[in-house]
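Asks: Take a look at the following structure, please.
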Amino acid sequence: MSKSEAKKVDLQQEDESSSESLVEKNEPEGEERETWDKKLDFMLSCIGYAVGLGNIWRFPYLCYKNGGGAFLVPYFIFLVLCGIPLFFLELSFGQFGALGPVAIWKVAPLFKGVGYCMMMISFIVCIYYNVIIAYSLHFIFNSFTSVLPWSTCGNVWNTEFCRDKVQNANVTSPPEWTGVKCKAGAGWFDATGMTFVNATNLNDVGYMGKDDWANETEVNGSCITFSTASQEYFSRKVLRLTESIAETGGIQWELVGCLVLAWVIVFVCLFKGVKWSGKIVYFTATFPYVVLFILLIRGAMEEGAAKGIAYYITPNVTKLQEIGVWSDAAIQILYSLGAAWGVLLSYSSLNKFHNNVYRDAISICTINCCTSVLAGFVVFSVLGSLAHQTGREIEDVVDQGAGLAFVAYPAAVANLPAAPVWAFLFFFMLLNLGLDTQFGMIEGVTKGLLDEVSWFRRNRVKFLAGLCVIQFVLAIPMVTESGMYWLNLIDWYSSGFPLMTVAVLEIGCLSWNYGVDRFIYDIECMIGKRLFLWQWWKALWLVITPVCIGFVLTAYVSFYSPVKYNGNGYPSWAEVIGWFSAFTSIIAIPVTAIYQILKHPRAKGTMFERVKELLKSDPDWGPHDPNVEYKYRSNKKVIEMKERGSEPLTSCCAGEQSSSSSSESLEPPSYAAAV
């Protein structure tokens with residue numbers, strides 16, 4: 001045997017041993033891969049995950065914040081250019097690799113930290129997401145009454161500034177001699193605050209017997225903006241909100257109890273895996289639509305509803321000049337569709353290899369966005385009614401964030417006949433929406449860790465229980481009297497900048513490093529035919545989507561605005577904590593890359609050689625099923641069968657081929673990282 005032949009054999013043996021070690025690490029023998037029982041389980045789980053509180057709470061609030069209909073313009077632009085391409089990319093990537101959000105990065109081990117970053121984002125968001133579910137449980141328990149406690153202003157927690165339908169006419173004006181005019185939705189209260197009156201008004205009326213006033217003076221009394229009964233119930237009864245995040249206040253024990261119950265529900269629904277949770281979503285993913293349509297019909301019948309809907313669908317074009325509107329739209333697309341969280345990778349990895357992932361992606365995205373638009377109509381019909389009720393402008397009716405879900409919606413159900421029944425149904429709907437999304441995020445975290453740590457796989461139930469306990473403990477600051485400030489802080493920082501960072505790296509890796517032609521070929525292998533409008537998808541993944549997300553990411557950093565709640569800023573130490581929550585996930589990307597360079601079995605030679613090697617796929621990358629022949633995988637079984645002259649394995653593109661593109665699909669494009 002010549003030296004060159006001997007060297008070739010040594011290299012082949014080294015590749016095979018490397019491949020075997022990698023397979024052993026990521027795919028332990030004797031462990032059966034979990035899959036969906038039915039196709040519908042996957043579809044409803046994805047719909048339930050994607051259609052969540054982000055559609056019912058976050059989307060309407062961002063419309064509310066960014067000028068109503070003006071927000072819909074960048075929202076649909078980013079949906080087409082970023083949201084759908086990313087969603088389709090993740091579903092395809094996960095189904096083809098059939099691995100969790102961390103292990104799947106054998107496609108390019110240098111990017112494995114992206115998987116850990118996804119997992120950390122989901123972990124952090126799960127902490128405060130279950131607090132919102134706890135709010136829903138609180139409202140459910142308080143719906144079992146003849147008169148809903150948030151429907152009237154006569155309760156111990158209400159202030160004199162509260163106004164409901166009965167008290168709507170009870171509006172006082174300041175004395176005429178003061179020259180003060182209260183704005184819409186506000187009234188004069190003699191014993192509250194001080195108001196400056198100018199000297200001219202004082203002299204005209206001979207205030208205090210003098211007509212030579214030279215300076216303005218303070219008068220006992222001021223104009224106070226009215227609040228709704230539902231708003232005061234949420235802020236003063238449920239939250240008992242303090243003046244700022246610096247005033248922690250006491251623990252809200254009612255919310256603590258609800259939070260414990262929320263985590264128990266999550267654990268019980270998930271400890272048996274997707275075969276159990278996939279059945280639960282048959283109800284939790286469909287029931288919300290019944291309630292939303294009923295609320296829309298009832299809300300549209302309220303006086304003032306038309307004004308609210310007009311605000312929703314009429315664009316304020318001046319808002320489109322603000323970079324924040326575009327940034328919010330891009331983040332909302334990622335937040336709502338659930339792209340870049342790792343959950344879609346986890347869910348789609350449990351599909352059959354030849355599942356039509358293209359059809360699924362388009363269908364789920366369409367349902368998701370239609371739900372957001374539907375929720376917008378429901379919310380703004382209610383906001384119009386509340387604005388009419390309080391005399392305030394629509395943009396001033398409720399507080400930001402979760403207040404929209406727990407102020408506007410409760411006010412709507414309070415006006416329905418048999419209100420307690422509808423209140424229970426509505427908040428039960430919120431509970432279902434929240435749980436569906438929470439299931440997905442927890443599954444993303446657990447799937448990522450189960451693939452990596454064998455002890456977790458052997459002790460799955462104990463691991464899941466421990467994970468739930470840890471996240472419950474971390475959420476305790478959010479159920480204190482300053483809890484809403486903490487929730488808003490973490491929400492602001494943990495899911496914006498990190499999500500866009502992950503999205504850019506994920507699509508960059510698959511399009512530019514792995515190769516967009518290679519990726520499109522992989523999709524053809526699964527669906528069995530040429531991808532419809534494949535040139536459009538290639539342009540999106542290669543240029544348009546990464547450029548759009550990169551632009552928004554740059555704008556987000558360049559035009560950064562600190563977090564606020566109800567118009568009030570946070571202290572600098574709180575912003576530091578917020579940024580820490582963001583970089584806790586992002587730091588996993590460079591740290592893991594360094595670890596891979598130092599420890600990965602294929603990392604040998606100089607630094608440049610190590611990086612170059614780790615940008616290539618691992619030898620065993622390809623379809624999970626070993627009976628599917630994949631031309632870019634060093635599959636020992638395939639090689640042995642070919643050497644024995646056995647019958648060929650099932651072709652990777654064995655599905656139905658279109659006559660116009662079958663020849664193109666049979667031979668894959670070149671791939672520099674192939675082995």
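Each chain in the structure tokens gets a letter, A, B and so on, in the order shown; residues start at 1 in every chain, and ligands are counted from 1 in the order they appear.
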Could you name the residues that touch Pro109 (chain A) at 8 Å or less, counting only C-alpha atoms, but leaving out those on the same chain fewer than 6 positions away, as a PyMOL selection string?

Replies: chain A and resi 593+596+614-618

Asks: Contacts of region 563-580 of chain A at 8 Å or less, counting only C-alpha atoms, minus same-chain residues fewer than 6 places along, as number ranges by chain?

Replies: A: 244-246, 399-400, 485, 488-490, 492-494

Asks: Suppose you want the space between CA of Ala50 (chain A) and CA of Ala285 (chain A); what is it in Å?

Replies: 9.9 Å

Asks: For a test of reading the model, state the distance in Å between CA of Thr228 (chain A) and CA of Ile297 (chain A), rounded to one decimal.

Replies: 22.0 Å
